[in-house]
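Read the structure below first, then the notes.
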Amino acid sequence: MLNEEKVILMTKMTAFMDREGKKNGTINSYFRSDYIGFNIIKSVISATIVFAIIVGTYVLYDFENVISTLYNTDNLLTIGRRYLIYYLLLVGVYSLASYIIYSYRYSKMRKNMKEYYGNLKKLARMYEKEQ
Amino acid sequence: MTSLLELKQYIKKFYIKNETYITYIWKFLLALVSILMINGKLGYMNSLNNFAIVMMAALLCAILPANFIVFIAAVFILGHLYALAPECAMIAAIIFVLMFLLYFRFSPKDTLAVLLTPIFYFLHIPFVMPLAMGLLGTPASAVSVAFGVVISFVISYFSSNAATFGSDGVVEAANEFHSILSGLIGNKTMIVMIVAFAITVVIVYMIRRSSADNSWKIAIACGAISLIICILIGSLVCDADISIIGVIFGTIFSALLMLVVEFFSFSLDYSRTEKVQFEDDEYYYYVKAVPKVTVSTPERKVKKINRAREQHR
């Protein structure tokens with residue numbers, strides 16, 4: 001005999017898993033700190049690439065000026081320091097943003113998964129009742 | 001009004017019933033329109049202008065995820081610009097890479113805004129985008145709209161200054177690189193637009209989320225007004241070259257368009273048709289779960305007029 005209630009519950013759960021399961025499953029396989037840390041490392045890498053591209057574009061843009069300042073070796077240290085500060089600022093802001101975003105995502109995923117596990121328990125109870 | 005609501009329900013039912021096919025069709029049309037627009041503005045590479053290639057790309061976009069349209073559009077832009085001059089393609093590539101690394105790693109859902117903004121820009125109603133994204137998106141959509149504005153200005157820059165490019169020799173190329181970048185960054189109209197659009201997105205979003213009655217309509221009106229005021233102030237402060245009449249009429253037109261969007265904005269709260277299969281010990285289940293469409297018709301007021309008593313007097 002078909003148990004209608006059971007079918008509805010199972011459909012809901014499968015639909016959830018089809019839609020979100022793969023994504024949530026990957027997130028769920030990490031600890032919170034690992035997940036966020038891993039993504040912050042990714043952000044730092046992409047921030048570094050972004051910085052390199054911006055500096056490269058700037059050098060191409062203002063080629064003569066850059067070359068002439070580079071020959072003037074006194075400036076080199078101050079310029080280097082200034083660029084380092086820019087770099088750290090970019091990385092810092094970007095990492096902070098990704099920290100916030102990914103912590104939010106992790107907690108949202110936990111909530112969803114908790115609901116899913118709750119449904120799973122409900123389903124198990126239905127089976128017990130049937131027998 | 002009742003017939004309009006009925007029409008809405010009918011469209012909603014039709015959409016839910018045929019969702020799979022409609023999705024294919026709108027993706028195909030969107031891809032086709034954006035590619036044709038790019039070809040019309042920048043058609044420098046002959047092989048990309050080939051109709052068969054355009055159709056093939058659009059069909060490919062129809063079956064692949066929606067974000068793929070953005071990728072294809074970027075490829076077409078880069079191809080045309082490369083045919084024009086490699087340094088132009090390089091600038092566009094830099095912009096695309098920055099966009100991807102900075103933003104779309106976080107919110108891949110918003111990429112369509114980047115595609116739609118240039119389309120509406122070339123239809124002369126870019127004002128649709130901030131209003132629409134405020135209504136349908138989040139405040140973070142301001143960033144996608146901003147990127148869209150940048151891309152539209154890049155395309156129109158290359159399309160209007162095409163004759164000056166095409167150099168030989170490294171020095172000339174470097175000079176061109178310089179002049180293109182200063183032409184783009186120094187474009188005050190672009191900056192005014194970006195700021196005005198960002199402010200509008202946030203304002204529309206905030207009002208739309210409030211619990212006041214008719215919050216969507218108020219949000220549209222406030223958004224339109226703030227858009228006009230911001231662009232006016234911006235163009236006065238920065239001496240930007242913006243036609244005020246165009247802005248006002250464009251904004252009013254966009255606001256009217258938004259009323260239509262508001263009417264049909266059922267995509268937000270509706271759950272989609274699910275086709276799932278699973279099994280337990282006894283059965284295999286192939287379930288198609290179709291969401292219920294709830295009809296919310298306005299309350300009918302019945303007014304009783306007692307004529308009978310008056311006649312007796």
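Labels used: A, B, ... for chains in the order of the structure tokens, numbers from 1 for residues in each chain, and numbers from 1 for ligands as shown.
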For a quick test of understanding: name the residues of chain A lying within 9 Å of chain B when counting only C-alpha atoms, and present them as a PDB file with N, CA and C atoms, in the first residue's frame.
```pdb
ATOM      1  N   LEU A   2       0.425   2.224  -0.738  1.00  0.00           N
ATOM      2  CA  LEU A   2       1.151   3.474  -0.751  1.00  0.00           C
ATOM      3  C   LEU A   2       0.739   4.326   0.448  1.00  0.00           C
ATOM      4  N   VAL A   7       5.056   9.506   0.944  1.00  0.00           N
ATOM      5  CA  VAL A   7       5.470   9.906  -0.405  1.00  0.00           C
ATOM      6  C   VAL A   7       5.722  11.403  -0.462  1.00  0.00           C
ATOM      7  N   MET A  10       8.933  12.164   1.316  1.00  0.00           N
ATOM      8  CA  MET A  10      10.090  11.720   0.544  1.00  0.00           C
ATOM      9  C   MET A  10      10.307  12.605  -0.673  1.00  0.00           C
ATOM     10  N   THR A  11       9.191  13.014  -1.306  1.00  0.00           N
ATOM     11  CA  THR A  11       9.321  13.892  -2.471  1.00  0.00           C
ATOM     12  C   THR A  11       9.985  15.201  -2.085  1.00  0.00           C
ATOM     13  N   LYS A  12       9.509  15.750  -0.964  1.00  0.00           N
ATOM     14  CA  LYS A  12      10.093  17.022  -0.517  1.00  0.00           C
ATOM     15  C   LYS A  12      11.581  16.876  -0.273  1.00  0.00           C
ATOM     16  N   THR A  14      13.681  14.578  -1.457  1.00  0.00           N
ATOM     17  CA  THR A  14      14.457  14.348  -2.673  1.00  0.00           C
ATOM     18  C   THR A  14      14.595  15.629  -3.476  1.00  0.00           C
ATOM     19  N   ALA A  15      13.488  16.401  -3.533  1.00  0.00           N
ATOM     20  CA  ALA A  15      13.550  17.650  -4.282  1.00  0.00           C
ATOM     21  C   ALA A  15      14.601  18.572  -3.677  1.00  0.00           C
ATOM     22  N   ASP A  18      17.967  17.240  -4.603  1.00  0.00           N
ATOM     23  CA  ASP A  18      18.298  17.497  -6.002  1.00  0.00           C
ATOM     24  C   ASP A  18      18.720  18.932  -6.220  1.00  0.00           C
ATOM     25  N   SER A  43      40.292  33.636  -1.667  1.00  0.00           N
ATOM     26  CA  SER A  43      40.113  35.076  -1.859  1.00  0.00           C
ATOM     27  C   SER A  43      41.446  35.790  -1.882  1.00  0.00           C
ATOM     28  N   SER A  46      42.952  35.311  -5.241  1.00  0.00           N
ATOM     29  CA  SER A  46      42.369  36.119  -6.321  1.00  0.00           C
ATOM     30  C   SER A  46      42.650  37.595  -6.096  1.00  0.00           C
ATOM     31  N   ALA A  47      42.714  38.041  -4.825  1.00  0.00           N
ATOM     32  CA  ALA A  47      43.063  39.439  -4.574  1.00  0.00           C
ATOM     33  C   ALA A  47      44.470  39.724  -5.069  1.00  0.00           C
ATOM     34  N   ILE A  49      45.972  38.219  -7.548  1.00  0.00           N
ATOM     35  CA  ILE A  49      45.926  38.313  -9.012  1.00  0.00           C
ATOM     36  C   ILE A  49      45.373  39.666  -9.441  1.00  0.00           C
ATOM     37  N   VAL A  50      44.289  40.086  -8.754  1.00  0.00           N
ATOM     38  CA  VAL A  50      43.691  41.376  -9.083  1.00  0.00           C
ATOM     39  C   VAL A  50      44.709  42.489  -8.921  1.00  0.00           C
ATOM     40  N   ILE A  53      47.200  42.455 -11.688  1.00  0.00           N
ATOM     41  CA  ILE A  53      46.637  42.976 -12.942  1.00  0.00           C
ATOM     42  C   ILE A  53      46.558  44.492 -12.892  1.00  0.00           C
ATOM     43  N   ILE A  54      46.096  45.017 -11.740  1.00  0.00           N
ATOM     44  CA  ILE A  54      45.939  46.470 -11.655  1.00  0.00           C
ATOM     45  C   ILE A  54      47.294  47.148 -11.770  1.00  0.00           C
ATOM     46  N   THR A  57      48.496  46.947 -15.325  1.00  0.00           N
ATOM     47  CA  THR A  57      47.797  47.908 -16.174  1.00  0.00           C
ATOM     48  C   THR A  57      48.330  49.312 -15.946  1.00  0.00           C
ATOM     49  N   LEU A  60      51.652  49.740 -17.675  1.00  0.00           N
ATOM     50  CA  LEU A  60      51.475  49.913 -19.118  1.00  0.00           C
ATOM     51  C   LEU A  60      50.917  51.294 -19.423  1.00  0.00           C
ATOM     52  N   TYR A  61      50.012  51.725 -18.560  1.00  0.00           N
ATOM     53  CA  TYR A  61      49.315  52.990 -18.775  1.00  0.00           C
ATOM     54  C   TYR A  61      50.278  54.164 -18.695  1.00  0.00           C
ATOM     55  N   ASP A  62      51.144  54.118 -17.683  1.00  0.00           N
ATOM     56  CA  ASP A  62      52.005  55.269 -17.413  1.00  0.00           C
ATOM     57  C   ASP A  62      53.466  54.865 -17.535  1.00  0.00           C
ATOM     58  N   PHE A  63      53.810  54.243 -18.660  1.00  0.00           N
ATOM     59  CA  PHE A  63      55.083  53.559 -18.789  1.00  0.00           C
ATOM     60  C   PHE A  63      56.275  54.475 -18.506  1.00  0.00           C
ATOM     61  N   TYR A  94      39.119  42.380   1.171  1.00  0.00           N
ATOM     62  CA  TYR A  94      38.555  41.281   0.409  1.00  0.00           C
ATOM     63  C   TYR A  94      38.374  40.042   1.283  1.00  0.00           C
ATOM     64  N   SER A  98      34.899  38.127   2.297  1.00  0.00           N
ATOM     65  CA  SER A  98      34.632  36.708   2.048  1.00  0.00           C
ATOM     66  C   SER A  98      34.399  35.978   3.362  1.00  0.00           C
ATOM     67  N   ILE A 101      30.711  36.597   4.085  1.00  0.00           N
ATOM     68  CA  ILE A 101      29.824  35.885   3.154  1.00  0.00           C
ATOM     69  C   ILE A 101      29.842  34.397   3.423  1.00  0.00           C
ATOM     70  N   TYR A 102      31.049  33.826   3.606  1.00  0.00           N
ATOM     71  CA  TYR A 102      31.106  32.374   3.734  1.00  0.00           C
ATOM     72  C   TYR A 102      30.640  31.893   5.104  1.00  0.00           C
TER      73      TYR A 102
END
```
I want to know what sits within 12 Å of range 21-28 of chain A, based on only C-alpha atoms, with residues of the same chain fewer than 5 positions away left out; could you give that as a list of chain:residue names?
A:Met13, A:Thr14, A:Ala15, A:Phe16, A:Ser33, A:Asp34, A:Tyr35, A:Ile36, A:Phe38, A:Asn39, A:Tyr102, A:Ser103, A:Arg105, A:Tyr106, A:Ser107, A:Lys108, A:Met109, A:Arg110, A:Lys111, A:Asn112, A:Met113, A:Lys114, A:Tyr116
Set the distance at 10 Å and use only C-alpha atoms: which residues neighbour Leu257 in chain B once local chain neighbours fewer than 6 positions away are removed? I'd like the list as a PyMOL selection string. chain B and resi 128+131-132+220+251
For N, CA and C atoms, I'd like the residues from the last selection saved as a short mmCIF file (atom, residue, chain, number, x, y, z; two decimals), in the first residue's frame.
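Below you can see part05.cif, which holds the result:
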```cif
data_model
loop_
_atom_site.label_atom_id
_atom_site.label_comp_id
_atom_site.auth_asym_id
_atom_site.auth_seq_id
_atom_site.Cartn_x
_atom_site.Cartn_y
_atom_site.Cartn_z
N VAL B 128 16.05 51.23 -16.61
CA VAL B 128 15.27 50.08 -16.20
C VAL B 128 16.04 49.25 -15.18
N LEU B 131 16.15 50.12 -11.28
CA LEU B 131 14.81 49.92 -10.70
C LEU B 131 14.51 48.43 -10.60
N ALA B 132 14.78 47.70 -11.68
CA ALA B 132 14.45 46.28 -11.69
C ALA B 132 15.28 45.51 -10.67
N ILE B 220 9.08 52.12 -6.67
CA ILE B 220 9.34 52.48 -8.07
C ILE B 220 9.36 53.99 -8.23
N THR B 251 13.45 57.61 -17.71
CA THR B 251 13.12 57.15 -16.37
C THR B 251 11.63 56.91 -16.21
#
```
Legend entry - Contacts of Val33 in chain B within 12 Å, only C-alpha atoms, excl. fewer than 4 positions in-chain, as number ranges by chain: B: 26-29, 37-40, 54-55, 57-58, 61, 69, 73, 115-116, 118-120, 122-123
Assign secondary structure with DSSP using the backbone only, and return the residues of range 43-216 of chain B in helix (DSSP H, G or I) as a ChimeraX atom specification.
/B:46-49,51-63,67-84,86-104,108-122,128-136,141-160,162-164,170-185,188-209,215-216
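For the atom pair formed by CA of Thr117 in chain B and CA of Val145 in chain B, the distance is 6.4 Å, given to one decimal.
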### Query
Residues at most 10 Å from Thr189 in chain B, counting only C-alpha atoms, excluding those fewer than 5 positions away in the same chain, as a ChimeraX atom specification?
/B:153,194,231,234-235,238-242
Got time to write the residues from that selection, C-alpha atoms, as an mmCIF file, in the first residue's frame?
```cif
data_model
loop_
_atom_site.group_PDB
_atom_site.id
_atom_site.type_symbol
_atom_site.label_atom_id
_atom_site.label_comp_id
_atom_site.auth_asym_id
_atom_site.auth_seq_id
_atom_site.Cartn_x
_atom_site.Cartn_y
_atom_site.Cartn_z
ATOM 1 C CA PHE B 153 30.504 52.322 -22.017
ATOM 2 C CA ILE B 194 27.273 54.232 -11.799
ATOM 3 C CA ILE B 231 21.815 62.165 -12.530
ATOM 4 C CA GLY B 234 25.900 64.467 -10.995
ATOM 5 C CA SER B 235 25.833 66.013 -14.428
ATOM 6 C CA CYS B 238 30.894 66.844 -12.995
ATOM 7 C CA ASP B 239 29.947 68.710 -16.195
ATOM 8 C CA ALA B 240 29.006 65.354 -17.658
ATOM 9 C CA ASP B 241 27.430 65.212 -21.064
ATOM 10 C CA ILE B 242 23.981 63.782 -20.348
#
```
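Rounded to one decimal, CA of Val192 in chain B and CA of Val247 in chain B lie 12.4 Å from each other.
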Need to verify the contact set: Lys6 in chain A, 9 Å, only C-alpha atoms, exclusion of same-chain residues closer than 6 positions in sequence. Can you return it as a PDB file with N, CA and C atoms, in the first residue's frame?
```pdb
ATOM      1  N   LEU A 123      10.714  10.334   8.880  1.00  0.00           N
ATOM      2  CA  LEU A 123      10.499   9.238   7.935  1.00  0.00           C
ATOM      3  C   LEU A 123      10.786   7.899   8.596  1.00  0.00           C
ATOM      4  N   MET A 126       7.965   6.894  10.700  1.00  0.00           N
ATOM      5  CA  MET A 126       6.857   6.383   9.902  1.00  0.00           C
ATOM      6  C   MET A 126       7.066   4.922   9.558  1.00  0.00           C
ATOM      7  N   TYR A 127       8.285   4.560   9.212  1.00  0.00           N
ATOM      8  CA  TYR A 127       8.569   3.181   8.863  1.00  0.00           C
ATOM      9  C   TYR A 127       8.338   2.272  10.066  1.00  0.00           C
TER      10      TYR A 127
END
```
### Task
Would you mind listing what lies within 10 Å of Ile252 in chain B as an MDAnalysis selection string, with only C-alpha atoms counted and same-chain residues fewer than 3 positions away left out?
chainID B and resid 125 127:128 221 224:225 228 246:249 255:258
